[in-house]
Amino acid sequence: MKKKHPKNTLEKLKELLPQLEDRDRLKFLEICSFTKFKNREILVPEGNTSKKAFLILEGIVRGYLTTKSGEEKTILLRGKGIFVAYADTIFKDAPTKYTYESIGNTEVLLFNSDTYIKLAEKDDVLKNLFINILKEAVSVLNYRVETMITMSNEERYIDLVKRNPDFLNSAYKKDIANYLGITPVSLSRIIKRINQN
């Protein structure tokens with residue numbers, strides 16, 4: 001049975017996954033569910049074990065941990081064209097420690113990671129896409145660790161703006177500050193200082 005997706009979904013996939021042919025995009029779409037989320041809706045809750053993964057078509061997704069004291073710590077901010085999943089759920093069958101929520105109106109293609117892996121085992125193009133997704137995730141993680149260790153707060157903010165300018169238009173300053181490991185007040189000071197220069 002064919003899944004129903006908005007008419008422009010294939011066009012969006014052409015833009016986001018140009019390395020694939022239409023036949024591969026259609027195979028991927030067969031296992032996906034198109035879903036829209038309003039601002040601050042939960043895509044995947046903490047403790048989920050369903051192996052949900054998703055490709056962001058529009059908008060931003062925030063992944064955060066909740067500390068024992070109830071404080072939210074933003075671990076990731078991801079935008080259009082990025083695949084998102086929790087590694088321990090995919091590879092170790094462990095429940096996700098993160099809550100994933102939308103920032104602004106967000107559109108995603110949800111899919112089960114096991115279903116994708118089975119599909120990729122029979123298709124070299126989709127297997128290569130999976131490998132590239134993993135490479136990108138490791139690269140982003142390494143870069144994030146490096147920037148937290150080697151850059152000042154201001155340098156991390158400038159770097160984030162260069163790499164992801166859409167975050168400034170869509171994400172909340174509170175979430176950006178939390179992601180950078182600083183307070184919203186510190187972020188406001190950094191922005192003010194940059195704007196004065």
# chains A, B, ... in the order shown; residues from 1 in each chain; ligands from 1

$ residues_around --residues "A:Arg62" --least-positions-apart "4" --cutoff "12 Å" --atoms "only C-alpha atoms" --output "JSON, numbers by chain"
{"A": [39, 40, 41, 42, 43, 44, 45, 56, 72, 73, 74, 75, 76, 77, 78, 79, 84, 85, 98, 99, 100, 101, 102, 103, 104, 106, 167, 170, 171, 172, 174, 175, 176, 178, 179]}

$ residues_around --residues "A:Leu26" --least-positions-apart "6" --cutoff "10 Å" --atoms "only C-alpha atoms" --output "PDB file with C-alpha atoms, in the first residue's frame"
ATOM      1  CA  LEU A  10       9.490  14.276  -3.661  1.00  0.00           C
ATOM      2  CA  LEU A  13      13.776  15.220  -1.251  1.00  0.00           C
ATOM      3  CA  LEU A  20      19.791   9.874  -4.811  1.00  0.00           C
ATOM      4  CA  CYS A  32       8.217   7.209   5.883  1.00  0.00           C
TER       5      CYS A  32
END

$ residues_around --residues "A:Ile194" --least-positions-apart "3" --cutoff "9 Å" --atoms "only C-alpha atoms" --output "list in words"
Glu154, Ile158, Arg189, Ile190, Ile191 and Asn197 of chain A

$ select_by_dssp --residues "stretch 88-154 of chain A" --states "strand (DSSP E)" --output "list in words"
Thr99, Tyr100, Glu101, Ser102, Ile103, Gly104, Asn105, Thr106, Glu107, Val108, Leu109, Leu110, Phe111 and Asn112 of chain A

$ write_last_selection --atoms "N, CA and C atoms" --output "mmCIF file, in the first residue's frame"
data_model
loop_
_atom_site.group_PDB
_atom_site.id
_atom_site.type_symbol
_atom_site.label_atom_id
_atom_site.label_comp_id
_atom_site.auth_asym_id
_atom_site.auth_seq_id
_atom_site.Cartn_x
_atom_site.Cartn_y
_atom_site.Cartn_z
ATOM 1 N N THR A 99 14.563 14.253 24.715
ATOM 2 C CA THR A 99 13.244 14.618 24.209
ATOM 3 C C THR A 99 13.510 15.460 22.972
ATOM 4 N N TYR A 100 12.819 15.142 21.880
ATOM 5 C CA TYR A 100 12.961 15.918 20.646
ATOM 6 C C TYR A 100 11.695 16.733 20.455
ATOM 7 N N GLU A 101 11.857 18.043 20.300
ATOM 8 C CA GLU A 101 10.701 18.905 20.097
ATOM 9 C C GLU A 101 10.929 19.850 18.930
ATOM 10 N N SER A 102 9.828 20.286 18.340
ATOM 11 C CA SER A 102 9.891 21.215 17.212
ATOM 12 C C SER A 102 10.074 22.634 17.726
ATOM 13 N N ILE A 103 10.772 23.426 16.930
ATOM 14 C CA ILE A 103 10.863 24.860 17.179
ATOM 15 C C ILE A 103 10.240 25.526 15.952
ATOM 16 N N GLY A 104 9.152 26.204 16.165
ATOM 17 C CA GLY A 104 8.393 26.750 15.040
ATOM 18 C C GLY A 104 7.667 25.626 14.314
ATOM 19 N N ASN A 105 7.011 25.966 13.222
ATOM 20 C CA ASN A 105 6.334 24.954 12.420
ATOM 21 C C ASN A 105 7.386 24.072 11.762
ATOM 22 N N THR A 106 7.268 22.788 11.960
ATOM 23 C CA THR A 106 8.289 21.843 11.505
ATOM 24 C C THR A 106 7.637 20.691 10.759
ATOM 25 N N GLU A 107 8.272 20.283 9.663
ATOM 26 C CA GLU A 107 7.805 19.133 8.882
ATOM 27 C C GLU A 107 8.913 18.095 8.846
ATOM 28 N N VAL A 108 8.552 16.844 9.112
ATOM 29 C CA VAL A 108 9.549 15.771 9.097
ATOM 30 C C VAL A 108 8.996 14.540 8.381
ATOM 31 N N LEU A 109 9.917 13.700 7.946
ATOM 32 C CA LEU A 109 9.581 12.358 7.489
ATOM 33 C C LEU A 109 10.043 11.403 8.581
ATOM 34 N N LEU A 110 9.077 10.820 9.293
ATOM 35 C CA LEU A 110 9.369 9.868 10.362
ATOM 36 C C LEU A 110 9.509 8.474 9.783
ATOM 37 N N PHE A 111 10.452 7.702 10.307
ATOM 38 C CA PHE A 111 10.594 6.312 9.872
ATOM 39 C C PHE A 111 11.230 5.492 10.986
ATOM 40 N N ASN A 112 11.086 4.189 10.894
ATOM 41 C CA ASN A 112 11.685 3.278 11.850
ATOM 42 C C ASN A 112 13.095 2.944 11.372
#

$ closest_residue --among "A:Asp159, A:Asp24, A:Asp93, A:Glu46" --to "A:Leu129" --atoms "only C-alpha atoms"
A:Asp24

$ decode --residues "stretch 127-169 of chain A" --atoms "C-alpha atoms" --output "CSV table (one decimal), in the first residue's frame"
chain,number,residue,atom,x,y,z
A,127,LYS,CA,23.4,1.8,2.4
A,128,ASN,CA,25.8,4.6,1.3
A,129,LEU,CA,23.3,7.2,2.4
A,130,PHE,CA,23.1,5.5,5.9
A,131,ILE,CA,26.9,5.4,6.1
A,132,ASN,CA,27.1,9.1,5.2
A,133,ILE,CA,24.5,10.0,7.8
A,134,LEU,CA,26.6,8.2,10.4
A,135,LYS,CA,29.8,9.9,9.3
A,136,GLU,CA,28.0,13.3,9.5
A,137,ALA,CA,26.7,12.6,13.0
A,138,VAL,CA,30.2,11.6,14.2
A,139,SER,CA,31.8,14.7,12.6
A,140,VAL,CA,29.2,17.0,14.2
A,141,LEU,CA,29.7,15.4,17.6
A,142,ASN,CA,33.5,15.7,17.3
A,143,TYR,CA,33.2,19.3,16.2
A,144,ARG,CA,30.8,20.2,19.0
A,145,VAL,CA,33.2,18.7,21.6
A,146,GLU,CA,36.1,20.6,20.1
A,147,THR,CA,34.3,24.0,20.0
A,148,MET,CA,33.2,23.6,23.7
A,149,ILE,CA,36.8,23.0,24.7
A,150,THR,CA,38.7,25.4,22.4
A,151,MET,CA,36.4,28.3,21.7
A,152,SER,CA,35.2,31.2,23.8
A,153,ASN,CA,31.5,31.8,24.2
A,154,GLU,CA,31.5,34.5,21.6
A,155,GLU,CA,33.5,32.4,19.2
A,156,ARG,CA,31.0,29.5,19.6
A,157,TYR,CA,28.1,31.9,18.9
A,158,ILE,CA,29.8,33.4,15.8
A,159,ASP,CA,30.6,29.9,14.5
A,160,LEU,CA,27.0,28.8,15.0
A,161,VAL,CA,25.7,31.8,13.1
A,162,LYS,CA,28.1,31.1,10.2
A,163,ARG,CA,27.2,27.4,10.1
A,164,ASN,CA,23.5,27.7,10.8
A,165,PRO,CA,22.1,31.2,10.1
A,166,ASP,CA,18.5,29.9,10.0
A,167,PHE,CA,18.7,29.3,13.8
A,168,LEU,CA,18.8,33.0,14.4
A,169,ASN,CA,15.5,33.5,12.6
